[in-house]
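Next up, final_28.txt (compact mmCIF, C-alpha atoms and all ligand atoms):
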# COMPACT_ATOMS: atom_id res chain seq x y z
CA MET N 1 71.18 107.01 128.42
CA ALA N 2 69.31 104.03 126.91
CA ARG N 3 71.63 101.30 125.72
CA ARG N 4 71.05 97.88 124.33
CA ARG N 5 73.06 95.16 122.64
CA LEU N 6 72.02 93.81 119.29
CA ASP N 7 72.17 90.11 118.66
CA SER N 8 70.53 87.64 116.37
CA ARG N 9 70.67 83.88 116.57
CA SER N 10 70.00 82.88 113.00
CA GLY N 11 71.33 83.82 109.59
CA PRO N 12 73.04 82.57 106.45
CA ALA N 13 76.46 80.88 106.53
CA GLY N 14 79.31 83.17 107.54
CA LEU N 15 77.15 85.85 109.20
CA LEU N 16 78.27 86.93 112.66
CA ALA N 17 75.35 86.98 115.08
CA ASP N 18 76.54 89.03 118.04
CA ALA N 19 77.77 92.63 118.20
CA GLN N 20 79.12 94.12 121.43
CA THR N 21 78.88 97.82 120.59
CA PRO N 22 76.12 99.38 122.71
CA VAL N 23 73.25 100.73 120.64
CA LEU N 24 71.82 104.03 121.90
CA THR N 25 68.16 104.72 121.43
CA GLU N 26 67.96 108.43 122.20
CA PRO N 27 67.60 110.77 119.19
CA LEU N 28 70.87 111.11 117.29
CA ASP N 29 70.34 114.84 116.78
CA THR N 30 70.60 115.59 120.49
CA LEU N 31 74.34 114.85 120.29
CA PHE N 32 75.17 115.26 116.60
CA GLU N 33 74.48 117.74 113.84
CA ILE N 34 74.07 116.26 110.37
CA THR N 35 75.93 118.45 107.88
CA GLY N 36 75.62 116.69 104.52
CA GLU N 37 75.52 113.43 102.56
CA LEU N 38 78.72 111.48 101.85
CA GLY N 39 77.35 108.64 99.78
CA ARG N 40 74.62 106.08 99.45
CA GLY N 41 74.26 102.44 98.58
CA LYS N 42 71.30 100.14 98.01
CA PHE N 43 70.02 100.12 101.60
CA ALA N 44 72.09 102.76 103.35
CA VAL N 45 72.79 106.48 103.31
CA VAL N 46 76.03 107.82 104.77
CA LYS N 47 75.93 111.33 106.20
CA LYS N 48 78.62 113.60 107.57
CA CYS N 49 77.90 114.67 111.12
CA VAL N 50 79.56 116.70 113.85
CA GLU N 51 79.50 115.80 117.54
CA LYS N 52 78.12 118.93 119.20
CA ALA N 53 80.12 118.58 122.41
CA THR N 54 83.53 118.08 120.76
CA GLY N 55 83.27 119.34 117.17
CA LYS N 56 84.56 115.93 116.02
CA VAL N 57 83.43 114.82 112.58
CA PHE N 58 81.98 111.33 111.97
CA ALA N 59 80.34 109.46 109.11
CA ALA N 60 76.90 108.20 110.13
CA LYS N 61 75.78 105.17 108.12
CA PHE N 62 71.96 104.91 108.25
CA MET N 63 71.12 101.27 107.54
CA ARG N 64 67.53 100.22 106.88
CA LYS N 65 66.28 97.55 109.27
CA ARG N 66 63.65 96.37 106.74
CA ARG N 67 64.63 95.76 103.15
CA ARG N 68 62.25 94.57 100.45
CA GLY N 69 59.69 93.88 103.18
CA ARG N 70 62.07 91.64 105.13
CA ASP N 71 63.55 92.13 108.60
CA CYS N 72 67.28 92.65 107.98
CA ARG N 73 68.54 93.35 111.48
CA ALA N 74 70.74 90.24 111.23
CA GLU N 75 72.66 91.79 108.34
CA VAL N 76 73.10 95.06 110.25
CA ILE N 77 74.33 93.25 113.36
CA HIS N 78 76.69 91.24 111.20
CA GLU N 79 78.24 94.38 109.69
CA MET N 80 78.77 95.81 113.17
CA ALA N 81 80.28 92.54 114.38
CA VAL N 82 82.74 92.39 111.47
CA LEU N 83 83.85 95.97 112.20
CA GLU N 84 84.41 94.88 115.80
CA VAL N 85 86.55 91.92 114.68
CA ALA N 86 88.61 94.39 112.63
CA ARG N 87 88.84 96.99 115.42
CA ASN N 88 92.65 96.77 115.62
CA ASN N 89 93.13 96.77 111.88
CA PRO N 90 94.42 100.25 111.00
CA ARG N 91 93.32 99.85 107.38
CA VAL N 92 89.66 99.30 108.30
CA ILE N 93 87.29 102.15 109.19
CA ASN N 94 86.67 102.40 112.92
CA LEU N 95 83.20 101.90 114.45
CA HIS N 96 82.67 104.36 117.34
CA MET N 97 79.10 103.70 118.41
CA ALA N 98 75.63 102.91 117.15
CA TYR N 99 72.11 104.31 117.41
CA GLU N 100 68.76 102.79 116.67
CA THR N 101 65.85 104.78 115.25
CA GLU N 102 62.41 103.58 114.16
CA HIS N 103 63.59 102.51 110.69
CA ASP N 104 67.39 102.45 110.85
CA VAL N 105 70.42 101.35 112.77
CA VAL N 106 72.97 104.16 112.50
CA LEU N 107 76.67 103.29 112.63
CA LEU N 108 78.87 106.16 113.81
CA LEU N 109 82.05 105.60 111.82
CA GLU N 110 85.43 107.28 111.66
CA TYR N 111 85.22 109.93 108.92
CA ALA N 112 87.43 109.37 105.88
CA ALA N 113 87.84 112.92 104.57
CA GLY N 114 89.68 112.05 101.34
CA GLY N 115 86.76 110.31 99.59
CA GLU N 116 86.82 107.18 97.45
CA ILE N 117 89.85 106.02 95.46
CA PHE N 118 87.25 105.53 92.71
CA ASP N 119 87.48 109.28 92.03
CA HIS N 120 91.15 108.73 91.14
CA CYS N 121 90.25 105.95 88.67
CA VAL N 122 87.92 108.16 86.65
CA SER N 123 89.87 111.41 86.94
CA ASP N 124 91.67 112.98 83.96
CA GLU N 125 94.77 113.00 86.10
CA LEU N 126 95.61 109.51 87.36
CA MET N 127 97.81 108.97 90.42
CA SER N 128 101.53 108.46 90.03
CA GLU N 129 102.79 104.87 90.11
CA GLY N 130 104.49 105.58 93.46
CA GLN N 131 101.21 106.74 95.00
CA ILE N 132 99.33 103.72 93.61
CA ILE N 133 101.96 101.37 95.02
CA ARG N 134 101.59 102.88 98.50
CA LEU N 135 97.80 102.60 98.46
CA ILE N 136 97.80 99.04 97.12
CA ARG N 137 100.36 98.04 99.74
CA GLN N 138 98.10 99.46 102.47
CA THR N 139 95.07 97.72 100.97
CA LEU N 140 96.93 94.41 101.03
CA GLU N 141 98.01 94.98 104.63
CA GLY N 142 94.38 95.51 105.59
CA ILE N 143 93.20 92.45 103.69
CA HIS N 144 95.99 90.32 105.12
CA LEU N 145 94.90 91.18 108.67
CA LEU N 146 91.25 90.52 107.81
CA HIS N 147 92.14 87.15 106.30
CA GLN N 148 94.13 86.27 109.41
CA SER N 149 90.84 86.66 111.30
CA ASN N 150 89.15 84.44 108.70
CA VAL N 151 87.11 87.35 107.41
CA VAL N 152 86.68 87.89 103.67
CA HIS N 153 85.37 91.25 102.45
CA LEU N 154 83.87 90.08 99.13
CA ASP N 155 82.92 93.57 97.93
CA LEU N 156 86.29 95.25 97.48
CA LYS N 157 86.05 97.91 94.80
CA PRO N 158 87.39 101.45 94.36
CA GLN N 159 84.18 102.84 95.94
CA ASN N 160 84.88 100.93 99.14
CA ILE N 161 88.49 102.02 99.59
CA LEU N 162 88.47 105.50 101.10
CA LEU N 163 91.24 107.95 101.90
CA THR N 164 91.83 109.70 105.22
CA SER N 165 92.71 112.92 103.37
CA LEU N 166 93.02 114.17 99.83
CA ASN N 167 95.69 116.84 99.95
CA PRO N 168 98.16 115.48 100.88
CA LEU N 169 96.96 112.07 99.82
CA GLY N 170 96.30 110.16 103.06
CA ASP N 171 96.04 106.51 104.00
CA ILE N 172 93.42 104.01 102.90
CA LYS N 173 90.46 102.84 104.97
CA ILE N 174 88.38 99.86 103.88
CA VAL N 175 84.60 100.30 104.29
CA ASP N 176 81.31 98.47 103.60
CA PHE N 177 81.38 95.06 105.23
CA GLY N 178 77.82 94.20 104.22
CA LEU N 179 78.92 91.26 102.06
CA ALA N 180 81.85 90.27 104.29
CA ARG N 181 81.74 86.78 105.69
CA ARG N 182 83.57 84.68 108.25
CA LEU N 183 85.09 81.62 106.60
CA GLY N 184 84.96 78.15 108.04
CA SER N 185 82.17 78.76 110.57
CA ALA N 186 79.25 77.15 108.80
CA GLY N 187 80.29 75.13 105.78
CA GLU N 188 81.17 76.43 102.35
CA LEU N 189 80.27 79.85 101.08
CA ARG N 190 79.08 80.05 97.52
CA GLU N 191 76.29 82.33 96.52
CA ILE N 192 77.10 85.93 97.36
CA LEU N 193 77.05 88.34 94.45
CA GLY N 194 78.72 91.74 94.25
CA THR N 195 78.85 94.34 91.48
CA PRO N 196 79.12 92.74 87.96
CA GLU N 197 82.36 94.40 86.83
CA TYR N 198 84.14 93.56 90.12
CA VAL N 199 82.83 90.03 90.66
CA ALA N 200 85.32 87.13 90.61
CA PRO N 201 84.90 84.12 88.27
CA GLU N 202 84.29 81.68 91.16
CA ILE N 203 81.29 83.73 92.26
CA LEU N 204 79.79 83.58 88.77
CA ASN N 205 80.38 79.82 88.72
CA TYR N 206 78.92 79.19 92.21
CA GLU N 207 82.24 77.73 93.25
CA PRO N 208 83.48 77.96 96.84
CA ILE N 209 84.46 81.43 97.98
CA THR N 210 87.81 81.81 99.75
CA THR N 211 90.23 84.57 100.68
CA ALA N 212 91.46 84.41 97.06
CA THR N 213 88.22 86.13 95.97
CA ASP N 214 89.42 89.36 97.64
CA LEU N 215 92.75 89.07 95.81
CA TRP N 216 90.93 89.08 92.46
CA SER N 217 89.42 92.39 93.55
CA VAL N 218 92.86 93.79 94.36
CA GLY N 219 93.83 92.96 90.76
CA VAL N 220 90.78 94.83 89.44
CA ILE N 221 91.39 97.85 91.71
CA THR N 222 95.07 98.04 90.72
CA TYR N 223 94.15 97.80 87.04
CA MET N 224 91.70 100.68 87.45
CA LEU N 225 94.13 102.93 89.32
CA VAL N 226 96.88 102.29 86.79
CA THR N 227 94.88 102.54 83.54
CA GLY N 228 91.77 104.54 84.48
CA GLU N 229 89.69 101.72 82.92
CA SER N 230 87.60 98.96 84.46
CA PRO N 231 89.12 95.71 83.10
CA PHE N 232 85.90 93.73 82.58
CA ALA N 233 83.16 96.37 82.26
CA ASP N 234 81.31 96.16 78.96
CA GLU N 235 78.11 97.34 77.29
CA ASP N 236 75.83 95.09 79.32
CA LYS N 237 75.89 92.76 82.29
CA GLN N 238 76.00 89.59 80.16
CA GLN N 239 79.08 90.73 78.23
CA THR N 240 80.72 91.91 81.48
CA PHE N 241 80.14 88.47 83.06
CA LEU N 242 81.53 86.80 79.92
CA ASN N 243 84.65 88.99 80.11
CA VAL N 244 85.11 87.99 83.76
CA SER N 245 84.63 84.27 83.20
CA GLN N 246 87.02 84.31 80.22
CA VAL N 247 89.42 86.67 82.03
CA ASN N 248 89.32 88.86 78.97
CA VAL N 249 91.73 91.66 79.89
CA ASP N 250 93.49 94.29 77.77
CA TYR N 251 97.20 94.27 78.68
CA SER N 252 98.21 96.33 75.65
CA ARG N 253 101.24 98.59 75.90
CA GLU N 254 99.03 101.67 75.32
CA ALA N 255 96.93 100.88 78.40
CA PHE N 256 100.07 100.50 80.55
CA SER N 257 102.34 103.08 78.93
CA ARG N 258 102.78 105.14 82.13
CA VAL N 259 103.78 102.35 84.52
CA SER N 260 106.53 99.77 84.88
CA GLU N 261 106.47 96.22 83.59
CA LEU N 262 106.32 95.06 87.21
CA ALA N 263 102.88 96.67 87.58
CA VAL N 264 101.55 94.58 84.70
CA HIS N 265 103.11 91.47 86.18
CA PHE N 266 101.50 92.16 89.57
CA ILE N 267 98.03 92.51 88.02
CA GLN N 268 98.50 89.42 85.88
CA LYS N 269 99.26 87.34 88.97
CA LEU N 270 95.91 88.34 90.50
CA LEU N 271 93.55 88.28 87.52
CA VAL N 272 93.80 84.52 87.25
CA LYS N 273 90.69 82.38 86.89
CA ALA N 274 91.57 79.57 89.35
CA PRO N 275 91.45 81.02 92.89
CA GLU N 276 94.08 78.53 94.08
CA ASP N 277 96.56 79.96 91.57
CA ARG N 278 96.29 83.50 92.95
CA PRO N 279 98.86 84.65 95.52
CA SER N 280 97.62 85.40 99.03
CA ALA N 281 97.70 88.95 100.45
CA ALA N 282 100.92 88.09 102.28
CA ASP N 283 102.43 86.69 99.07
CA CYS N 284 101.47 89.86 97.21
CA LEU N 285 103.26 91.96 99.79
CA SER N 286 106.46 90.25 98.60
CA HIS N 287 105.96 91.30 95.01
CA PRO N 288 108.89 93.46 93.83
CA TRP N 289 106.52 96.03 92.28
CA LEU N 290 105.42 97.05 95.78
CA TRP N 291 108.99 97.61 96.92
CA GLN N 292 110.62 99.18 93.92
CA GLN N 293 112.77 102.26 94.38
CA GLY N 294 110.85 105.51 94.20
CA SER N 295 107.58 104.19 95.63
CA GLU N 296 106.23 106.16 98.58
CA PRO N 297 106.80 104.67 102.05
CA SER N 298 103.67 103.72 104.04
CA PRO N 299 103.33 104.93 107.61
CA ALA N 300 104.05 101.88 109.74
CA VAL N 301 101.25 99.59 110.86
CA PRO N 302 101.92 98.58 114.48
CA ARG N 303 103.60 95.20 114.46
CA THR N 304 106.16 93.39 116.62
CA PRO N 305 109.72 94.13 115.46
CA ARG N 306 111.64 91.25 113.99
CA SER N 307 114.97 90.94 112.23
CA GLY N 308 115.89 88.70 109.34
CA GLY N 309 116.65 88.65 105.63
CA SER N 310 114.26 88.96 102.75
CA LYS N 311 114.17 88.07 99.09
CA CYS N 312 112.92 91.52 98.14
CA SER N 313 114.89 94.61 97.31
CA ALA N 314 113.09 97.03 99.62
CA PRO N 315 114.37 99.94 101.69
CA PRO N 316 115.42 98.65 105.15
CA GLU N 317 112.58 100.20 107.21
CA ASP N 318 109.96 98.95 104.76
CA LEU N 319 111.58 95.53 104.73
CA GLU N 320 110.99 95.17 108.43
CA ASP N 321 107.32 96.01 107.98
CA LYS N 322 106.93 93.45 105.28
CA GLU N 323 108.76 90.72 107.13
CA ASN N 324 106.42 91.10 110.07
CA ILE N 325 103.30 91.07 108.03
CA LEU N 326 104.47 87.78 106.53
CA GLU N 327 104.52 86.06 109.89
CA SER N 328 101.19 84.35 109.21
CA PRO N 329 101.55 80.56 109.45
CA HIS N 330 99.35 80.38 106.34
CA ALA N 331 101.66 82.57 104.29
CA LYS N 332 102.86 80.52 101.35
CA ARG N 333 105.69 82.46 99.71
CA PHE N 334 105.06 82.96 96.05
CA ARG N 335 108.23 82.81 94.01
CA PHE N 336 107.72 86.03 92.09
CA GLU N 337 111.36 86.31 91.09
CA GLU N 338 111.41 83.03 89.13
CA ASP N 339 108.12 83.87 87.62
CA LEU N 340 109.31 87.28 86.54
CA VAL N 341 112.26 85.81 84.68
CA ALA N 342 109.84 83.55 82.78
CA GLY N 343 107.56 86.55 82.16
CA ARG N 344 110.37 88.63 80.67
CA GLU N 345 111.32 85.82 78.31
CA GLY N 346 107.77 85.76 76.99
CA SER N 347 105.85 88.96 76.29
CA LEU N 348 103.74 90.86 78.77
N1 LIG N 401 83.48 106.44 106.99
C1 LIG N 401 83.20 107.10 105.88
N2 LIG N 401 83.73 108.32 105.63
C2 LIG N 401 83.45 109.00 104.49
N3 LIG N 401 82.63 108.53 103.52
C3 LIG N 401 82.06 107.32 103.70
C4 LIG N 401 82.30 106.55 104.88
N4 LIG N 401 81.63 105.39 104.78
C5 LIG N 401 81.00 105.42 103.60
N5 LIG N 401 81.24 106.57 102.94
C6 LIG N 401 80.73 106.95 101.60
O1 LIG N 401 79.43 106.39 101.43
C7 LIG N 401 79.44 105.43 100.35
C8 LIG N 401 78.47 104.30 100.66
O2 LIG N 401 78.91 103.64 101.84
P1 LIG N 401 78.82 102.06 101.96
O3 LIG N 401 79.52 101.44 100.79
O4 LIG N 401 79.28 101.66 103.30
O5 LIG N 401 77.23 101.89 101.81
P2 LIG N 401 76.40 100.63 101.29
O6 LIG N 401 74.97 101.00 101.28
O7 LIG N 401 76.74 99.45 102.11
O8 LIG N 401 76.90 100.52 99.83
P3 LIG N 401 76.59 99.35 98.77
O9 LIG N 401 75.09 99.28 98.58
O10 LIG N 401 77.33 99.85 97.54
O11 LIG N 401 77.15 98.10 99.34
C9 LIG N 401 80.89 105.01 100.20
O12 LIG N 401 81.19 104.52 98.94
C10 LIG N 401 81.61 106.34 100.53
O13 LIG N 401 81.61 107.19 99.40

Structure re-expressed in structure tokens:
Amino acid sequence: MARRRLDSRSGPAGLLADAQTPVLTEPLDTLFEITGELGRGKFAVVKKCVEKATGKVFAAKFMRKRRRGRDCRAEVIHEMAVLEVARNNPRVINLHMAYETEHDVVLLLEYAAGGEIFDHCVSDELMSEGQIIRLIRQTLEGIHLLHQSNVVHLDLKPQNILLTSLNPLGDIKIVDFGLARRLGSAGELREILGTPEYVAPEILNYEPITTATDLWSVGVITYMLVTGESPFADEDKQQTFLNVSQVNVDYSREAFSRVSELAVHFIQKLLVKAPEDRPSAADCLSHPWLWQQGSEPSPAVPRTPRSGGSKCSAPPEDLEDKENILESPHAKRFRFEEDLVAGREGSL
């Protein structure tokens, strides 16, 4: 079996240059049968495939090695390397192996059978608040672990949060690490651009990118799941960018009629122009909206058990989960309770 390791020595700031996953060069179709297309992006097609020997289903991401006439192997290697960094993160899709063909590198990924949470943002029947809470909590857990490894995703949107199953509604898996970057390795990051309606104000303003950029995206995703609307999308790109830079958001009662006041408060904390004023992922996990009675419990993410009190009114088993995830030395507790009192005195 032919194996090689992909590495590249150069690349823009924040790109990882060395992936450990062996890359097989024999034809993919000797071992796998391609059974259909799952999705496509600008430079990749994702296909469903079945391992002939085991019947196991995978998602094969075919990534072009040349894009716009340029050799882009460094970007492909980077995406593999980020998935390797996140290997123990249960909220990130798992990379099993890789193949190289004449034109593509093919990533054999864990298959997320439940599709994109985007489908639930545009459906006539939106998810219940309890279901949304569970999925946002899992998304934050995943982001928190990524941020602890100094990785920022930078392209979080409902199309990149998948579900392990649809019926019953499974757990989330974060995909598409093409724009992800490692912070602090090579100076400041500034100039990465994502999709207009999901882009954060600091990206539009060429200001430094930090972990807070991903938290903006969590605000957008939550808004979309709750209301079925994209908060900044408008008739054209210019108007969309203007809405983002002015943080022009509709918080009307009609838009939020089906959810609690706490949901609005949670989103308002995240859709804040100054990145330094946004709570971190760990802070967000303390927000009372995510622990209110009636929300669905998440299956536990493996963490070391720890006892201790908490400011939040969560069920005991969930409390333990949350306490452990807050162990990060960088976790700056956001005082949501005080803030909520102030919020209730004003109008949401
Ligand atoms: N592991 C997976 N299981 C099931 N479906 C998947 C999986 N990975 C990706 N998909 C589907 O394929 C789509 C495209 O995948 P992905 O976002 O990784 O490609 P991309 O080319 O990097 O996209 P973009 O150009 O938008 O950045 C996803 O939105 C999803 O619908």

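Pairwise distance (atom CA of N:Glu75, atom CA of N:Val46) equals 16.8 Å.
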
**Report entry** Between atom CA of N:Leu83 and atom N1 of ligand LIG 401 (chain N) - distance in Å to one decimal
**Finding:** 11.7 Å

Requested in this report: Excluding stretch 128-144 of chain N and any residue of its chain fewer than 4 positions from it, enumerate the residues within 9 Å of it, using all atoms listed in the file, and give them as a PyMOL selection string.
Outcome: chain N and resi 89-92+148-149+151-153+161+169-174+211+214-215+218+221-222+225-226+258-260+263+280-282+284-285+289-298+301+325-326+328

The selected residues should be written to file as a short mmCIF file (atom, residue, chain, number, x, y, z; two decimals), in the frame of the given file (atoms: C-alpha atoms).
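Resulting contents of part12.cif:
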data_model
loop_
_atom_site.label_atom_id
_atom_site.label_comp_id
_atom_site.auth_asym_id
_atom_site.auth_seq_id
_atom_site.Cartn_x
_atom_site.Cartn_y
_atom_site.Cartn_z
CA ASN N 89 93.13 96.77 111.88
CA PRO N 90 94.42 100.25 111.00
CA ARG N 91 93.32 99.85 107.38
CA VAL N 92 89.66 99.30 108.30
CA GLN N 148 94.13 86.27 109.41
CA SER N 149 90.84 86.66 111.30
CA VAL N 151 87.11 87.35 107.41
CA VAL N 152 86.68 87.89 103.67
CA HIS N 153 85.37 91.25 102.45
CA ILE N 161 88.49 102.02 99.59
CA LEU N 169 96.96 112.07 99.82
CA GLY N 170 96.30 110.16 103.06
CA ASP N 171 96.04 106.51 104.00
CA ILE N 172 93.42 104.01 102.90
CA LYS N 173 90.46 102.84 104.97
CA ILE N 174 88.38 99.86 103.88
CA THR N 211 90.23 84.57 100.68
CA ASP N 214 89.42 89.36 97.64
CA LEU N 215 92.75 89.07 95.81
CA VAL N 218 92.86 93.79 94.36
CA ILE N 221 91.39 97.85 91.71
CA THR N 222 95.07 98.04 90.72
CA LEU N 225 94.13 102.93 89.32
CA VAL N 226 96.88 102.29 86.79
CA ARG N 258 102.78 105.14 82.13
CA VAL N 259 103.78 102.35 84.52
CA SER N 260 106.53 99.77 84.88
CA ALA N 263 102.88 96.67 87.58
CA SER N 280 97.62 85.40 99.03
CA ALA N 281 97.70 88.95 100.45
CA ALA N 282 100.92 88.09 102.28
CA CYS N 284 101.47 89.86 97.21
CA LEU N 285 103.26 91.96 99.79
CA TRP N 289 106.52 96.03 92.28
CA LEU N 290 105.42 97.05 95.78
CA TRP N 291 108.99 97.61 96.92
CA GLN N 292 110.62 99.18 93.92
CA GLN N 293 112.77 102.26 94.38
CA GLY N 294 110.85 105.51 94.20
CA SER N 295 107.58 104.19 95.63
CA GLU N 296 106.23 106.16 98.58
CA PRO N 297 106.80 104.67 102.05
CA SER N 298 103.67 103.72 104.04
CA VAL N 301 101.25 99.59 110.86
CA ILE N 325 103.30 91.07 108.03
CA LEU N 326 104.47 87.78 106.53
CA SER N 328 101.19 84.35 109.21
#

Query raised in the report: What gap, in Å, lies between atom CA of N:Glu26 and atom CA of N:Glu100?
Result: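 Between atom CA of N:Glu26 and atom CA of N:Glu100 the gap is 7.9 Å.
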
Report task. Find the residues around N:Arg64 up to 6 Å (all atoms listed in the file counted), leave out those fewer than 5 positions away in its own chain, and share them as number ranges by chain. Result -> N: 43, 103-104

**Report entry** N:Ile267 surroundings by only C-alpha atoms, 9 Å radius, close-in-sequence under 3 positions cut, as number ranges by chain
**Finding:** N: 218-220, 222-223, 262-264, 270-271

Written selection (C-alpha atoms) as a compact mmCIF listing (two decimals), keeping the file's coordinate frame:
# COMPACT_ATOMS: atom_id res chain seq x y z
CA VAL N 218 92.86 93.79 94.36
CA GLY N 219 93.83 92.96 90.76
CA VAL N 220 90.78 94.83 89.44
CA THR N 222 95.07 98.04 90.72
CA TYR N 223 94.15 97.80 87.04
CA LEU N 262 106.32 95.06 87.21
CA ALA N 263 102.88 96.67 87.58
CA VAL N 264 101.55 94.58 84.70
CA LEU N 270 95.91 88.34 90.50
CA LEU N 271 93.55 88.28 87.52

Query raised in the report: When the cut-off is 6 Å and you count only C-alpha atoms and all ligand atoms, which residues lie near ligand LIG 401 (chain N), shown as a VMD selection string?
Result: chain N and resid 38 to 44 46 59 109 to 113 115 to 116 159 to 160 175 to 176 178

Any chance you could export the current selection's C-alpha atoms as a compact mmCIF listing (two decimals), in the frame of the given file?
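File produced: selection.txt:
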# COMPACT_ATOMS: atom_id res chain seq x y z
CA LEU N 38 78.72 111.48 101.85
CA GLY N 39 77.35 108.64 99.78
CA ARG N 40 74.62 106.08 99.45
CA GLY N 41 74.26 102.44 98.58
CA LYS N 42 71.30 100.14 98.01
CA PHE N 43 70.02 100.12 101.60
CA ALA N 44 72.09 102.76 103.35
CA VAL N 46 76.03 107.82 104.77
CA ALA N 59 80.34 109.46 109.11
CA LEU N 109 82.05 105.60 111.82
CA GLU N 110 85.43 107.28 111.66
CA TYR N 111 85.22 109.93 108.92
CA ALA N 112 87.43 109.37 105.88
CA ALA N 113 87.84 112.92 104.57
CA GLY N 115 86.76 110.31 99.59
CA GLU N 116 86.82 107.18 97.45
CA GLN N 159 84.18 102.84 95.94
CA ASN N 160 84.88 100.93 99.14
CA VAL N 175 84.60 100.30 104.29
CA ASP N 176 81.31 98.47 103.60
CA GLY N 178 77.82 94.20 104.22

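Counting all atoms listed in the file, the residue from N:Met224, N:Ala180, N:Ala53, N:Leu242 that sits nearest to N:Met80 is N:Ala180.
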
Report task. Please return, as number ranges by chain, all polymer residues that have at least one atom within 12 Å of the point (69.3, 94.0, 104.3); use only C-alpha atoms and the file's own coordinate frame. Result -> N: 11, 41-44, 62-79, 104-105, 178-179

Query - From N:Val45, N:Leu146, N:Ser230, N:Pro288, residue lying nearest N:Glu261 [only C-alpha atoms] - result: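 Counting only C-alpha atoms, the residue closest to N:Glu261 is N:Pro288.
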
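For the choices N:Asp236, N:Val57, N:Cys49, N:Glu207, the atom-to-atom distance to N:Leu189 is smallest for N:Glu207 when using all atoms listed in the file.
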
Report task. List the neighbours of stretch 237-239 of chain N out to 12 Å using all atoms listed in the file; skip same-chain residues closer than 6 positions along the sequence, and give me the result as a PyMOL selection string. Result -> chain N and resi 195-199+204+245-248

Report task. Pick out the residues sitting within 7 Å of N:Ile209, and hand them over as a list in words; count all atoms listed in the file, and ignore anything fewer than 3 positions along from it in its own chain. Result ->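 My reading of the contact set: Leu189, Arg190, Glu202, Ile203 and Thr213 of chain N.
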
Query raised in the report: Which is closest to N:Gly14 among N:Arg87, N:Leu28, N:Glu188, N:Leu95, if we use all atoms listed in the file?
Result: N:Glu188
